[in-house]
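Data file: final.pdb. Format and content: PDB, C-alpha atoms.
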```pdb
ATOM      1  CA  MET A 399       0.737  14.600  -1.636  1.00  0.00           C
ATOM      2  CA  PHE A 400       0.046  13.531  -5.196  1.00  0.00           C
ATOM      3  CA  GLU A 401      -0.144  15.530  -8.411  1.00  0.00           C
ATOM      4  CA  ILE A 402      -0.452  14.524 -12.056  1.00  0.00           C
ATOM      5  CA  GLU A 403      -0.371  16.961 -14.947  1.00  0.00           C
ATOM      6  CA  ILE A 404       0.569  17.383 -18.585  1.00  0.00           C
ATOM      7  CA  THR A 405       3.598  19.620 -19.003  1.00  0.00           C
ATOM      8  CA  GLU A 406       3.964  22.111 -21.832  1.00  0.00           C
ATOM      9  CA  ASN A 407       5.987  19.614 -23.894  1.00  0.00           C
ATOM     10  CA  GLY A 408       3.220  17.007 -23.697  1.00  0.00           C
ATOM     11  CA  ILE A 409       4.834  14.771 -21.085  1.00  0.00           C
ATOM     12  CA  VAL A 410       2.709  13.570 -18.169  1.00  0.00           C
ATOM     13  CA  ALA A 411       4.490  14.433 -14.914  1.00  0.00           C
ATOM     14  CA  ILE A 412       3.696  12.596 -11.686  1.00  0.00           C
ATOM     15  CA  ASP A 413       4.681  14.048  -8.330  1.00  0.00           C
ATOM     16  CA  GLY A 414       4.411  12.500  -4.864  1.00  0.00           C
ATOM     17  CA  ARG A 415       2.979   9.216  -3.637  1.00  0.00           C
ATOM     18  CA  LEU A 416       0.841   7.028  -5.884  1.00  0.00           C
ATOM     19  CA  ASP A 417      -0.927   4.794  -3.371  1.00  0.00           C
ATOM     20  CA  ALA A 418      -4.373   3.171  -3.190  1.00  0.00           C
ATOM     21  CA  ALA A 419      -5.921   6.455  -2.029  1.00  0.00           C
ATOM     22  CA  GLN A 420      -4.647   8.293  -5.136  1.00  0.00           C
ATOM     23  CA  ALA A 421      -5.115   5.565  -7.738  1.00  0.00           C
ATOM     24  CA  VAL A 422      -8.604   6.722  -8.759  1.00  0.00           C
ATOM     25  CA  LYS A 423      -7.363  10.266  -9.395  1.00  0.00           C
ATOM     26  CA  ALA A 424      -4.453   8.950 -11.475  1.00  0.00           C
ATOM     27  CA  GLN A 425      -6.690   6.577 -13.427  1.00  0.00           C
ATOM     28  CA  GLN A 426      -9.240   9.300 -14.205  1.00  0.00           C
ATOM     29  CA  PHE A 427      -6.461  11.509 -15.518  1.00  0.00           C
ATOM     30  CA  LEU A 428      -4.771   8.824 -17.630  1.00  0.00           C
ATOM     31  CA  ASP A 429      -8.114   7.650 -19.049  1.00  0.00           C
ATOM     32  CA  GLN A 430      -8.166  10.955 -20.949  1.00  0.00           C
ATOM     33  CA  VAL A 431      -4.767  10.372 -22.576  1.00  0.00           C
ATOM     34  CA  THR A 432      -4.616   9.206 -26.191  1.00  0.00           C
ATOM     35  CA  GLY A 433      -1.660   8.218 -28.375  1.00  0.00           C
ATOM     36  CA  GLN A 434       1.868   7.612 -27.162  1.00  0.00           C
ATOM     37  CA  CYS A 435       2.203   8.625 -23.506  1.00  0.00           C
ATOM     38  CA  VAL A 436       5.472   9.556 -21.810  1.00  0.00           C
ATOM     39  CA  LEU A 437       5.306   9.516 -18.001  1.00  0.00           C
ATOM     40  CA  ASP A 438       7.998  11.493 -16.182  1.00  0.00           C
ATOM     41  CA  LEU A 439       8.501   9.772 -12.832  1.00  0.00           C
ATOM     42  CA  SER A 440      11.390  11.929 -11.603  1.00  0.00           C
ATOM     43  CA  LYS A 441       9.237  13.247  -8.736  1.00  0.00           C
ATOM     44  CA  LEU A 442       7.384  10.001  -8.001  1.00  0.00           C
ATOM     45  CA  GLU A 443       8.428   9.148  -4.444  1.00  0.00           C
ATOM     46  CA  TYR A 444       6.447   5.963  -3.945  1.00  0.00           C
ATOM     47  CA  ILE A 445       4.203   3.528  -5.786  1.00  0.00           C
ATOM     48  CA  SER A 446       2.149   0.579  -4.554  1.00  0.00           C
ATOM     49  CA  SER A 447       0.328  -2.157  -6.460  1.00  0.00           C
ATOM     50  CA  ALA A 448      -2.659   0.173  -6.870  1.00  0.00           C
ATOM     51  CA  GLY A 449      -0.463   2.569  -8.837  1.00  0.00           C
ATOM     52  CA  LEU A 450       1.019  -0.273 -10.851  1.00  0.00           C
ATOM     53  CA  GLY A 451      -2.529  -1.292 -11.743  1.00  0.00           C
ATOM     54  CA  VAL A 452      -3.214   2.208 -13.097  1.00  0.00           C
ATOM     55  CA  PHE A 453      -0.128   2.049 -15.326  1.00  0.00           C
ATOM     56  CA  LEU A 454      -0.996  -1.480 -16.488  1.00  0.00           C
ATOM     57  CA  LYS A 455      -4.596  -0.649 -17.362  1.00  0.00           C
ATOM     58  CA  THR A 456      -3.587   2.491 -19.265  1.00  0.00           C
ATOM     59  CA  HIS A 457      -0.756   0.737 -21.097  1.00  0.00           C
ATOM     60  CA  LYS A 458      -3.069  -2.076 -22.231  1.00  0.00           C
ATOM     61  CA  ARG A 459      -5.649   0.422 -23.475  1.00  0.00           C
ATOM     62  CA  LEU A 460      -3.093   2.441 -25.409  1.00  0.00           C
ATOM     63  CA  MET A 461      -1.378  -0.662 -26.815  1.00  0.00           C
ATOM     64  CA  GLY A 462      -4.748  -1.615 -28.241  1.00  0.00           C
ATOM     65  CA  SER A 463      -4.496   1.403 -30.518  1.00  0.00           C
ATOM     66  CA  GLY A 464      -0.846   0.844 -31.371  1.00  0.00           C
ATOM     67  CA  SER A 465       0.778   3.162 -28.837  1.00  0.00           C
ATOM     68  CA  GLY A 466       1.551   2.744 -25.139  1.00  0.00           C
ATOM     69  CA  ILE A 467       3.310   4.200 -22.109  1.00  0.00           C
ATOM     70  CA  LYS A 468       6.991   5.048 -21.834  1.00  0.00           C
ATOM     71  CA  LEU A 469       8.299   5.596 -18.299  1.00  0.00           C
ATOM     72  CA  VAL A 470      11.194   8.035 -17.954  1.00  0.00           C
ATOM     73  CA  ASN A 471      13.392   9.296 -15.103  1.00  0.00           C
ATOM     74  CA  VAL A 472      12.643   6.204 -13.005  1.00  0.00           C
ATOM     75  CA  ASN A 473      14.541   6.218  -9.711  1.00  0.00           C
ATOM     76  CA  HIS A 474      16.222   3.174  -8.210  1.00  0.00           C
ATOM     77  CA  HIS A 475      13.486   2.263  -5.729  1.00  0.00           C
ATOM     78  CA  ILE A 476      10.646   2.596  -8.230  1.00  0.00           C
ATOM     79  CA  HIS A 477      12.662   0.599 -10.747  1.00  0.00           C
ATOM     80  CA  ASP A 478      13.029  -2.197  -8.169  1.00  0.00           C
ATOM     81  CA  ILE A 479       9.236  -2.340  -7.825  1.00  0.00           C
ATOM     82  CA  PHE A 480       8.867  -2.541 -11.618  1.00  0.00           C
ATOM     83  CA  ARG A 481      11.492  -5.287 -11.777  1.00  0.00           C
ATOM     84  CA  TYR A 482       9.901  -7.390  -8.999  1.00  0.00           C
ATOM     85  CA  SER A 483       6.526  -6.986 -10.733  1.00  0.00           C
ATOM     86  CA  GLY A 484       7.838  -7.933 -14.161  1.00  0.00           C
ATOM     87  CA  PHE A 485       6.831  -4.497 -15.425  1.00  0.00           C
ATOM     88  CA  ASP A 486      10.341  -3.988 -16.769  1.00  0.00           C
ATOM     89  CA  LYS A 487       9.408  -6.543 -19.431  1.00  0.00           C
ATOM     90  CA  LEU A 488       6.118  -4.806 -20.304  1.00  0.00           C
ATOM     91  CA  PHE A 489       7.119  -1.134 -20.434  1.00  0.00           C
ATOM     92  CA  GLU A 490       9.886   0.865 -22.049  1.00  0.00           C
ATOM     93  CA  ILE A 491      11.710   2.270 -19.020  1.00  0.00           C
ATOM     94  CA  VAL A 492      14.383   4.950 -18.958  1.00  0.00           C
ATOM     95  CA  PRO A 493      16.156   5.129 -15.564  1.00  0.00           C
ATOM     96  CA  ALA A 494      16.968   8.417 -13.876  1.00  0.00           C
ATOM     97  CA  THR A 495      20.520   9.622 -14.309  1.00  0.00           C
ATOM     98  CA  GLY A 496      22.751  10.741 -11.479  1.00  0.00           C
TER      99      GLY A 496
ATOM    100  CA  MET B 833       4.235   2.790  18.866  1.00  0.00           C
ATOM    101  CA  GLU B 834       0.710   1.655  18.046  1.00  0.00           C
ATOM    102  CA  GLN B 835      -2.354   3.302  16.565  1.00  0.00           C
ATOM    103  CA  LYS B 836      -5.783   2.312  15.285  1.00  0.00           C
ATOM    104  CA  PHE B 837      -7.012   3.308  11.836  1.00  0.00           C
ATOM    105  CA  ARG B 838     -10.461   3.464  10.288  1.00  0.00           C
ATOM    106  CA  ARG B 839     -11.262   1.077   7.458  1.00  0.00           C
ATOM    107  CA  THR B 840     -10.731   3.527   4.615  1.00  0.00           C
ATOM    108  CA  PHE B 841      -7.954   4.248   2.128  1.00  0.00           C
ATOM    109  CA  ASP B 842      -8.030   7.850   3.353  1.00  0.00           C
ATOM    110  CA  GLU B 843      -6.146   6.575   6.407  1.00  0.00           C
ATOM    111  CA  LEU B 844      -3.066   5.752   4.308  1.00  0.00           C
ATOM    112  CA  LYS B 845      -1.686   9.275   4.762  1.00  0.00           C
ATOM    113  CA  ASN B 846      -2.048   8.917   8.534  1.00  0.00           C
ATOM    114  CA  ILE B 847      -0.274   5.549   8.455  1.00  0.00           C
ATOM    115  CA  VAL B 848       2.596   7.227   6.586  1.00  0.00           C
ATOM    116  CA  THR B 849       2.678   9.933   9.266  1.00  0.00           C
ATOM    117  CA  MET B 850       2.939   7.257  11.973  1.00  0.00           C
ATOM    118  CA  THR B 851       5.730   5.479  10.083  1.00  0.00           C
ATOM    119  CA  GLU B 852       7.637   8.736   9.617  1.00  0.00           C
ATOM    120  CA  ALA B 853       7.413   9.402  13.355  1.00  0.00           C
ATOM    121  CA  VAL B 854       8.718   5.937  14.260  1.00  0.00           C
ATOM    122  CA  PHE B 855      11.625   6.215  11.827  1.00  0.00           C
ATOM    123  CA  ARG B 856      12.510   9.691  13.088  1.00  0.00           C
ATOM    124  CA  GLN B 857      12.254   8.878  16.791  1.00  0.00           C
ATOM    125  CA  GLN B 858      14.160   5.609  16.505  1.00  0.00           C
ATOM    126  CA  GLU B 859      16.656   6.891  13.932  1.00  0.00           C
ATOM    127  CA  LEU B 860      15.960   3.959  11.637  1.00  0.00           C
ATOM    128  CA  PRO B 861      17.686   3.821   8.235  1.00  0.00           C
ATOM    129  CA  ALA B 862      15.718   5.735   5.603  1.00  0.00           C
ATOM    130  CA  GLY B 863      16.512   2.952   3.143  1.00  0.00           C
ATOM    131  CA  LEU B 864      13.986   0.695   4.902  1.00  0.00           C
ATOM    132  CA  ARG B 865      11.097   3.159   4.541  1.00  0.00           C
ATOM    133  CA  ASN B 866       9.844   2.258   1.085  1.00  0.00           C
ATOM    134  CA  VAL B 867       9.593  -1.445   1.854  1.00  0.00           C
ATOM    135  CA  VAL B 868       7.868  -0.748   5.191  1.00  0.00           C
ATOM    136  CA  ASP B 869       5.452   1.688   3.513  1.00  0.00           C
ATOM    137  CA  LEU B 870       4.660  -0.728   0.701  1.00  0.00           C
ATOM    138  CA  ALA B 871       4.122  -3.785   2.899  1.00  0.00           C
ATOM    139  CA  THR B 872       2.019  -1.837   5.414  1.00  0.00           C
ATOM    140  CA  GLU B 873      -0.166  -0.317   2.687  1.00  0.00           C
ATOM    141  CA  GLU B 874      -0.706  -3.569   0.819  1.00  0.00           C
ATOM    142  CA  LEU B 875      -1.696  -5.484   3.969  1.00  0.00           C
ATOM    143  CA  PHE B 876      -3.932  -2.652   5.243  1.00  0.00           C
ATOM    144  CA  VAL B 877      -5.644  -2.287   1.843  1.00  0.00           C
ATOM    145  CA  ASN B 878      -6.149  -6.046   1.719  1.00  0.00           C
ATOM    146  CA  MET B 879      -7.890  -5.997   5.107  1.00  0.00           C
ATOM    147  CA  VAL B 880     -10.093  -3.042   4.158  1.00  0.00           C
ATOM    148  CA  THR B 881     -10.992  -4.549   0.791  1.00  0.00           C
ATOM    149  CA  TYR B 882     -11.673  -8.148   1.724  1.00  0.00           C
ATOM    150  CA  ASN B 883     -12.666  -8.140   5.406  1.00  0.00           C
ATOM    151  CA  THR B 884     -15.864  -6.271   4.676  1.00  0.00           C
ATOM    152  CA  GLU B 885     -17.961  -7.772   7.455  1.00  0.00           C
ATOM    153  CA  SER B 886     -16.032  -5.931  10.170  1.00  0.00           C
ATOM    154  CA  GLU B 887     -16.571  -2.310  11.158  1.00  0.00           C
ATOM    155  CA  GLU B 888     -13.804  -2.267  13.743  1.00  0.00           C
ATOM    156  CA  ASP B 889     -10.642  -0.221  13.341  1.00  0.00           C
ATOM    157  CA  ILE B 890      -7.390  -1.882  12.313  1.00  0.00           C
ATOM    158  CA  LEU B 891      -4.512  -1.803  14.803  1.00  0.00           C
ATOM    159  CA  ILE B 892      -0.993  -1.145  13.534  1.00  0.00           C
ATOM    160  CA  GLN B 893       1.999  -1.656  15.822  1.00  0.00           C
ATOM    161  CA  MET B 894       5.582  -0.750  14.938  1.00  0.00           C
ATOM    162  CA  VAL B 895       8.406  -2.064  17.070  1.00  0.00           C
ATOM    163  CA  PRO B 896      11.988  -1.115  16.222  1.00  0.00           C
ATOM    164  CA  HIS B 897      14.636  -3.674  17.016  1.00  0.00           C
ATOM    165  CA  GLU B 898      18.342  -4.075  16.643  1.00  0.00           C
ATOM    166  CA  HIS B 899      18.269  -5.037  12.997  1.00  0.00           C
ATOM    167  CA  GLY B 900      15.345  -3.016  11.675  1.00  0.00           C
ATOM    168  CA  ILE B 901      11.640  -2.890  12.396  1.00  0.00           C
ATOM    169  CA  GLU B 902       8.746  -5.254  13.084  1.00  0.00           C
ATOM    170  CA  VAL B 903       5.266  -4.194  11.963  1.00  0.00           C
ATOM    171  CA  SER B 904       1.990  -5.888  12.940  1.00  0.00           C
ATOM    172  CA  LEU B 905      -1.511  -5.291  11.582  1.00  0.00           C
ATOM    173  CA  THR B 906      -4.441  -6.712  13.548  1.00  0.00           C
ATOM    174  CA  ASP B 907      -7.954  -6.951  12.165  1.00  0.00           C
ATOM    175  CA  TYR B 908     -10.910  -7.789  14.436  1.00  0.00           C
ATOM    176  CA  ASN B 909     -14.085  -9.803  13.951  1.00  0.00           C
ATOM    177  CA  VAL B 910     -13.016 -11.304  10.633  1.00  0.00           C
ATOM    178  CA  GLU B 911     -12.775 -14.656   8.912  1.00  0.00           C
ATOM    179  CA  ARG B 912      -9.414 -16.345   8.534  1.00  0.00           C
ATOM    180  CA  PHE B 913      -7.392 -15.128   5.572  1.00  0.00           C
ATOM    181  CA  ASP B 914      -3.717 -15.969   5.487  1.00  0.00           C
ATOM    182  CA  PRO B 915      -1.903 -13.604   3.098  1.00  0.00           C
ATOM    183  CA  THR B 916       1.336 -15.533   3.493  1.00  0.00           C
ATOM    184  CA  SER B 917      -0.161 -18.378   1.477  1.00  0.00           C
ATOM    185  CA  GLY B 918      -0.980 -16.123  -1.459  1.00  0.00           C
ATOM    186  CA  GLY B 919      -0.577 -17.524  -4.931  1.00  0.00           C
ATOM    187  CA  ALA B 920       2.329 -16.659  -7.139  1.00  0.00           C
ATOM    188  CA  VAL B 921       2.072 -14.054  -9.873  1.00  0.00           C
ATOM    189  CA  ASP B 922       3.479 -14.911 -13.285  1.00  0.00           C
ATOM    190  CA  VAL B 923       5.693 -11.879 -13.776  1.00  0.00           C
ATOM    191  CA  ASP B 924       6.842 -13.264 -17.135  1.00  0.00           C
ATOM    192  CA  ALA B 925       3.337 -13.356 -18.607  1.00  0.00           C
ATOM    193  CA  PRO B 926       2.752 -11.213 -21.710  1.00  0.00           C
ATOM    194  CA  LEU B 927       0.899  -7.922 -21.399  1.00  0.00           C
ATOM    195  CA  GLU B 928      -2.450  -9.250 -22.581  1.00  0.00           C
ATOM    196  CA  GLU B 929      -2.450 -11.837 -19.764  1.00  0.00           C
ATOM    197  CA  ARG B 930      -1.333  -9.505 -16.980  1.00  0.00           C
ATOM    198  CA  THR B 931      -3.803  -8.169 -14.409  1.00  0.00           C
ATOM    199  CA  PRO B 932      -3.084  -6.201 -11.226  1.00  0.00           C
ATOM    200  CA  GLY B 933      -4.769  -8.857  -9.079  1.00  0.00           C
ATOM    201  CA  GLY B 934      -2.546 -10.455  -6.456  1.00  0.00           C
ATOM    202  CA  LEU B 935       0.377  -8.189  -7.191  1.00  0.00           C
ATOM    203  CA  GLY B 936       0.276  -6.413  -3.825  1.00  0.00           C
ATOM    204  CA  LEU B 937       0.692  -9.489  -1.656  1.00  0.00           C
ATOM    205  CA  PHE B 938       3.189 -10.899  -4.137  1.00  0.00           C
ATOM    206  CA  LEU B 939       5.356  -7.801  -3.656  1.00  0.00           C
ATOM    207  CA  VAL B 940       5.027  -7.990   0.131  1.00  0.00           C
ATOM    208  CA  LEU B 941       6.187 -11.603   0.208  1.00  0.00           C
ATOM    209  CA  LYS B 942       9.029 -10.738  -2.159  1.00  0.00           C
ATOM    210  CA  MET B 943      10.316  -7.674  -0.316  1.00  0.00           C
ATOM    211  CA  VAL B 944       9.990  -8.244   3.445  1.00  0.00           C
ATOM    212  CA  ASP B 945      12.555 -10.335   5.313  1.00  0.00           C
ATOM    213  CA  SER B 946      10.006 -12.430   7.194  1.00  0.00           C
ATOM    214  CA  ILE B 947       6.239 -12.569   7.626  1.00  0.00           C
ATOM    215  CA  HIS B 948       3.994 -14.413  10.074  1.00  0.00           C
ATOM    216  CA  TYR B 949       0.238 -14.897  10.316  1.00  0.00           C
ATOM    217  CA  GLU B 950      -1.857 -15.668  13.418  1.00  0.00           C
ATOM    218  CA  TYR B 951      -5.622 -16.216  13.634  1.00  0.00           C
ATOM    219  CA  ARG B 952      -7.293 -16.496  17.042  1.00  0.00           C
ATOM    220  CA  ASN B 953     -10.746 -15.558  18.374  1.00  0.00           C
ATOM    221  CA  ARG B 954     -11.704 -14.025  15.028  1.00  0.00           C
ATOM    222  CA  GLN B 955      -8.620 -11.788  15.097  1.00  0.00           C
ATOM    223  CA  SER B 956      -6.249 -11.771  12.141  1.00  0.00           C
ATOM    224  CA  LYS B 957      -2.723 -10.617  12.945  1.00  0.00           C
ATOM    225  CA  ILE B 958      -0.014 -10.271  10.318  1.00  0.00           C
ATOM    226  CA  THR B 959       3.510  -9.452  11.394  1.00  0.00           C
ATOM    227  CA  PHE B 960       6.398  -8.678   9.076  1.00  0.00           C
ATOM    228  CA  VAL B 961      10.015  -7.744   9.637  1.00  0.00           C
ATOM    229  CA  VAL B 962      12.214  -5.523   7.495  1.00  0.00           C
ATOM    230  CA  ASP B 963      15.902  -5.731   8.372  1.00  0.00           C
ATOM    231  CA  ARG B 964      18.903  -3.674   7.517  1.00  0.00           C
ATOM    232  CA  LYS B 965      20.572  -5.334   4.558  1.00  0.00           C
TER     233      LYS B 965
END
```

Spit out the file's structure as structure tokens when you get a sec.
Amino acid sequence: MFEIEITENGIVAIDGRLDAAQAVKAQQFLDQVTGQCVLDLSKLEYISSAGLGVFLKTHKRLMGSGSGIKLVNVNHHIHDIFRYSGFDKLFEIVPATG
Amino acid sequence: MEQKFRRTFDELKNIVTMTEAVFRQQELPAGLRNVVDLATEELFVNMVTYNTESEEDILIQMVPHEHGIEVSLTDYNVERFDPTSGGAVDVDAPLEERTPGGLGLFLVLKMVDSIHYEYRNRQSKITFVVDRK
């Protein structure tokens, strides 16, 4: 299961598993985003390198216009993936609490 | 447990279903799941993406053992490609120099406890182990 949507407060919420089969759907959605983008990952259960590639491509595009992606509510496992990938040095990341 | 999968990313959900069944039946620690899922996906996707001359299904075998689980992926009628000799990714590179390429295998090599590659009779077999920490 994978869902991506903009919530009423303008945050992009991702739910489920972002794997290679879902990366195209995620990329198509994020290609429509402009300006500063906050991604709520509180319901992201899993991410592979295909999902990381979607975040990287979108972040680079938005940084080109002076904005970027901020990742919030990042759980421990997902944060480990970001750390191993060096993404913790590229993105502003706010860990999940509790 | 073993199962064959078609050469399409659509099979990833069925691979997850197989992994869930193995973990449930063998009462394996849930903490190992994410690493097993990630390594299995990255290796499967690599075979589907780069071994394009083969039309044969890919075999996945999962064998629980005392300290965790051993997973093997076998691809048939393919050229040799050893993922264990993959190049390093510069995770300290600035954003403008970063690309997603190579990140999947880099993560696999970083996160599994051991990995082994065999190539015989045009069969590529990759086996990795994830242990309880």

**OP:** Output as a PyMOL selection string the set of chain A residues within 12 Å of chain B, with distances taken over only C-alpha atoms.
**Re:** chain A and resi 399-400+414-422+443-462+466+474-476+478-489

Could you write out that same residue set with C-alpha atoms as a PDB file, in the frame of the given file?
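And here's again.pdb as it stands now:
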```
ATOM      1  CA  MET A 399       0.737  14.600  -1.636  1.00  0.00           C
ATOM      2  CA  PHE A 400       0.046  13.531  -5.196  1.00  0.00           C
ATOM      3  CA  GLY A 414       4.411  12.500  -4.864  1.00  0.00           C
ATOM      4  CA  ARG A 415       2.979   9.216  -3.637  1.00  0.00           C
ATOM      5  CA  LEU A 416       0.841   7.028  -5.884  1.00  0.00           C
ATOM      6  CA  ASP A 417      -0.927   4.794  -3.371  1.00  0.00           C
ATOM      7  CA  ALA A 418      -4.373   3.171  -3.190  1.00  0.00           C
ATOM      8  CA  ALA A 419      -5.921   6.455  -2.029  1.00  0.00           C
ATOM      9  CA  GLN A 420      -4.647   8.293  -5.136  1.00  0.00           C
ATOM     10  CA  ALA A 421      -5.115   5.565  -7.738  1.00  0.00           C
ATOM     11  CA  VAL A 422      -8.604   6.722  -8.759  1.00  0.00           C
ATOM     12  CA  GLU A 443       8.428   9.148  -4.444  1.00  0.00           C
ATOM     13  CA  TYR A 444       6.447   5.963  -3.945  1.00  0.00           C
ATOM     14  CA  ILE A 445       4.203   3.528  -5.786  1.00  0.00           C
ATOM     15  CA  SER A 446       2.149   0.579  -4.554  1.00  0.00           C
ATOM     16  CA  SER A 447       0.328  -2.157  -6.460  1.00  0.00           C
ATOM     17  CA  ALA A 448      -2.659   0.173  -6.870  1.00  0.00           C
ATOM     18  CA  GLY A 449      -0.463   2.569  -8.837  1.00  0.00           C
ATOM     19  CA  LEU A 450       1.019  -0.273 -10.851  1.00  0.00           C
ATOM     20  CA  GLY A 451      -2.529  -1.292 -11.743  1.00  0.00           C
ATOM     21  CA  VAL A 452      -3.214   2.208 -13.097  1.00  0.00           C
ATOM     22  CA  PHE A 453      -0.128   2.049 -15.326  1.00  0.00           C
ATOM     23  CA  LEU A 454      -0.996  -1.480 -16.488  1.00  0.00           C
ATOM     24  CA  LYS A 455      -4.596  -0.649 -17.362  1.00  0.00           C
ATOM     25  CA  THR A 456      -3.587   2.491 -19.265  1.00  0.00           C
ATOM     26  CA  HIS A 457      -0.756   0.737 -21.097  1.00  0.00           C
ATOM     27  CA  LYS A 458      -3.069  -2.076 -22.231  1.00  0.00           C
ATOM     28  CA  ARG A 459      -5.649   0.422 -23.475  1.00  0.00           C
ATOM     29  CA  LEU A 460      -3.093   2.441 -25.409  1.00  0.00           C
ATOM     30  CA  MET A 461      -1.378  -0.662 -26.815  1.00  0.00           C
ATOM     31  CA  GLY A 462      -4.748  -1.615 -28.241  1.00  0.00           C
ATOM     32  CA  GLY A 466       1.551   2.744 -25.139  1.00  0.00           C
ATOM     33  CA  HIS A 474      16.222   3.174  -8.210  1.00  0.00           C
ATOM     34  CA  HIS A 475      13.486   2.263  -5.729  1.00  0.00           C
ATOM     35  CA  ILE A 476      10.646   2.596  -8.230  1.00  0.00           C
ATOM     36  CA  ASP A 478      13.029  -2.197  -8.169  1.00  0.00           C
ATOM     37  CA  ILE A 479       9.236  -2.340  -7.825  1.00  0.00           C
ATOM     38  CA  PHE A 480       8.867  -2.541 -11.618  1.00  0.00           C
ATOM     39  CA  ARG A 481      11.492  -5.287 -11.777  1.00  0.00           C
ATOM     40  CA  TYR A 482       9.901  -7.390  -8.999  1.00  0.00           C
ATOM     41  CA  SER A 483       6.526  -6.986 -10.733  1.00  0.00           C
ATOM     42  CA  GLY A 484       7.838  -7.933 -14.161  1.00  0.00           C
ATOM     43  CA  PHE A 485       6.831  -4.497 -15.425  1.00  0.00           C
ATOM     44  CA  ASP A 486      10.341  -3.988 -16.769  1.00  0.00           C
ATOM     45  CA  LYS A 487       9.408  -6.543 -19.431  1.00  0.00           C
ATOM     46  CA  LEU A 488       6.118  -4.806 -20.304  1.00  0.00           C
ATOM     47  CA  PHE A 489       7.119  -1.134 -20.434  1.00  0.00           C
TER      48      PHE A 489
END
```

Counting all atoms listed in the file, I want the residues whose atoms come within 9 Å of (-9.7, -11.4, 18.1) in the file frame, returned as a PDB file with C-alpha atoms, in the coordinates of the input.
```
ATOM      1  CA  THR B 906      -4.441  -6.712  13.548  1.00  0.00           C
ATOM      2  CA  ASP B 907      -7.954  -6.951  12.165  1.00  0.00           C
ATOM      3  CA  TYR B 908     -10.910  -7.789  14.436  1.00  0.00           C
ATOM      4  CA  ASN B 909     -14.085  -9.803  13.951  1.00  0.00           C
ATOM      5  CA  VAL B 910     -13.016 -11.304  10.633  1.00  0.00           C
ATOM      6  CA  TYR B 951      -5.622 -16.216  13.634  1.00  0.00           C
ATOM      7  CA  ARG B 952      -7.293 -16.496  17.042  1.00  0.00           C
ATOM      8  CA  ASN B 953     -10.746 -15.558  18.374  1.00  0.00           C
ATOM      9  CA  ARG B 954     -11.704 -14.025  15.028  1.00  0.00           C
ATOM     10  CA  GLN B 955      -8.620 -11.788  15.097  1.00  0.00           C
ATOM     11  CA  SER B 956      -6.249 -11.771  12.141  1.00  0.00           C
ATOM     12  CA  LYS B 957      -2.723 -10.617  12.945  1.00  0.00           C
TER      13      LYS B 957
END
```

Original post:
Can you tell me, as a ChimeraX atom specification, what residues are no more than 9 Å from Ile958 of chain B when counting only C-alpha atoms, ignoring any on the same chain fewer than 5 positions away?
Top reply: /B:875,903-907,914-916,947-951

Can you write out the residues you just picked, keeping C-alpha atoms, as a CSV table (one decimal), in the frame of the given file?
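Result went into out_24.csv, see below:
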```
chain,number,residue,atom,x,y,z
B,875,LEU,CA,-1.7,-5.5,4.0
B,903,VAL,CA,5.3,-4.2,12.0
B,904,SER,CA,2.0,-5.9,12.9
B,905,LEU,CA,-1.5,-5.3,11.6
B,906,THR,CA,-4.4,-6.7,13.5
B,907,ASP,CA,-8.0,-7.0,12.2
B,914,ASP,CA,-3.7,-16.0,5.5
B,915,PRO,CA,-1.9,-13.6,3.1
B,916,THR,CA,1.3,-15.5,3.5
B,947,ILE,CA,6.2,-12.6,7.6
B,948,HIS,CA,4.0,-14.4,10.1
B,949,TYR,CA,0.2,-14.9,10.3
B,950,GLU,CA,-1.9,-15.7,13.4
B,951,TYR,CA,-5.6,-16.2,13.6
```

Original post:
Could you spell out the hits of the PyMOL selection byres ((chain A and resi 411) around 6) on the shown file, as JSON, numbers by chain?
Top reply: {"A": [402, 403, 410, 412, 437, 438]}

**OP:** Specify as JSON, numbers by chain each residue included when the PyMOL selection byres ((chain B and resi 899) around 9) is applied to this file.
**Re:** {"B": [896, 897, 898, 900, 901, 962, 963, 964, 965]}

Just write the chosen residues, C-alpha atoms, as a PDB file, in the frame of the given file.
```
ATOM      1  CA  PRO B 896      11.988  -1.115  16.222  1.00  0.00           C
ATOM      2  CA  HIS B 897      14.636  -3.674  17.016  1.00  0.00           C
ATOM      3  CA  GLU B 898      18.342  -4.075  16.643  1.00  0.00           C
ATOM      4  CA  GLY B 900      15.345  -3.016  11.675  1.00  0.00           C
ATOM      5  CA  ILE B 901      11.640  -2.890  12.396  1.00  0.00           C
ATOM      6  CA  VAL B 962      12.214  -5.523   7.495  1.00  0.00           C
ATOM      7  CA  ASP B 963      15.902  -5.731   8.372  1.00  0.00           C
ATOM      8  CA  ARG B 964      18.903  -3.674   7.517  1.00  0.00           C
ATOM      9  CA  LYS B 965      20.572  -5.334   4.558  1.00  0.00           C
TER      10      LYS B 965
END
```

**OP:** Identify all residues satisfying the PyMOL selection byres ((chain A and resi 473) around 8) in the given file; provide them as a count of residues only.
**Re:** 10

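Every protein or nucleic acid residue with an atom no more than 6 Å from Asp413 of chain A, counting all atoms listed in the file and leaving out same-chain residues fewer than 4 positions away, appears here: Phe400, Glu401, Lys441 and Leu442 of chain A.
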
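Here atom CA of Thr872 of chain B is placed at a distance of 10.8 Å from atom CA of Val961 of chain B.
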
Subject >> Computed interatomic separation between atom CA of Gly408 of chain A and atom CA of Asp429 of chain A (Å) >> reply: 15.4 Å

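When atom CA of Asn878 of chain B is paired with atom CA of Lys423 of chain A, their separation reads 19.8 Å.
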
Take every atom of segment 887-904 of chain B listed in the file, fit an axis-aligned box around them, add 4 Å per side, and give the centre and edge lengths in Å to one decimal as AutoDock Vina command-line options.
```
--center_x 0.9 --center_y -3.1 --center_z 14.1 --size_x 42.9 --size_y 13.7 --size_z 13.9
```
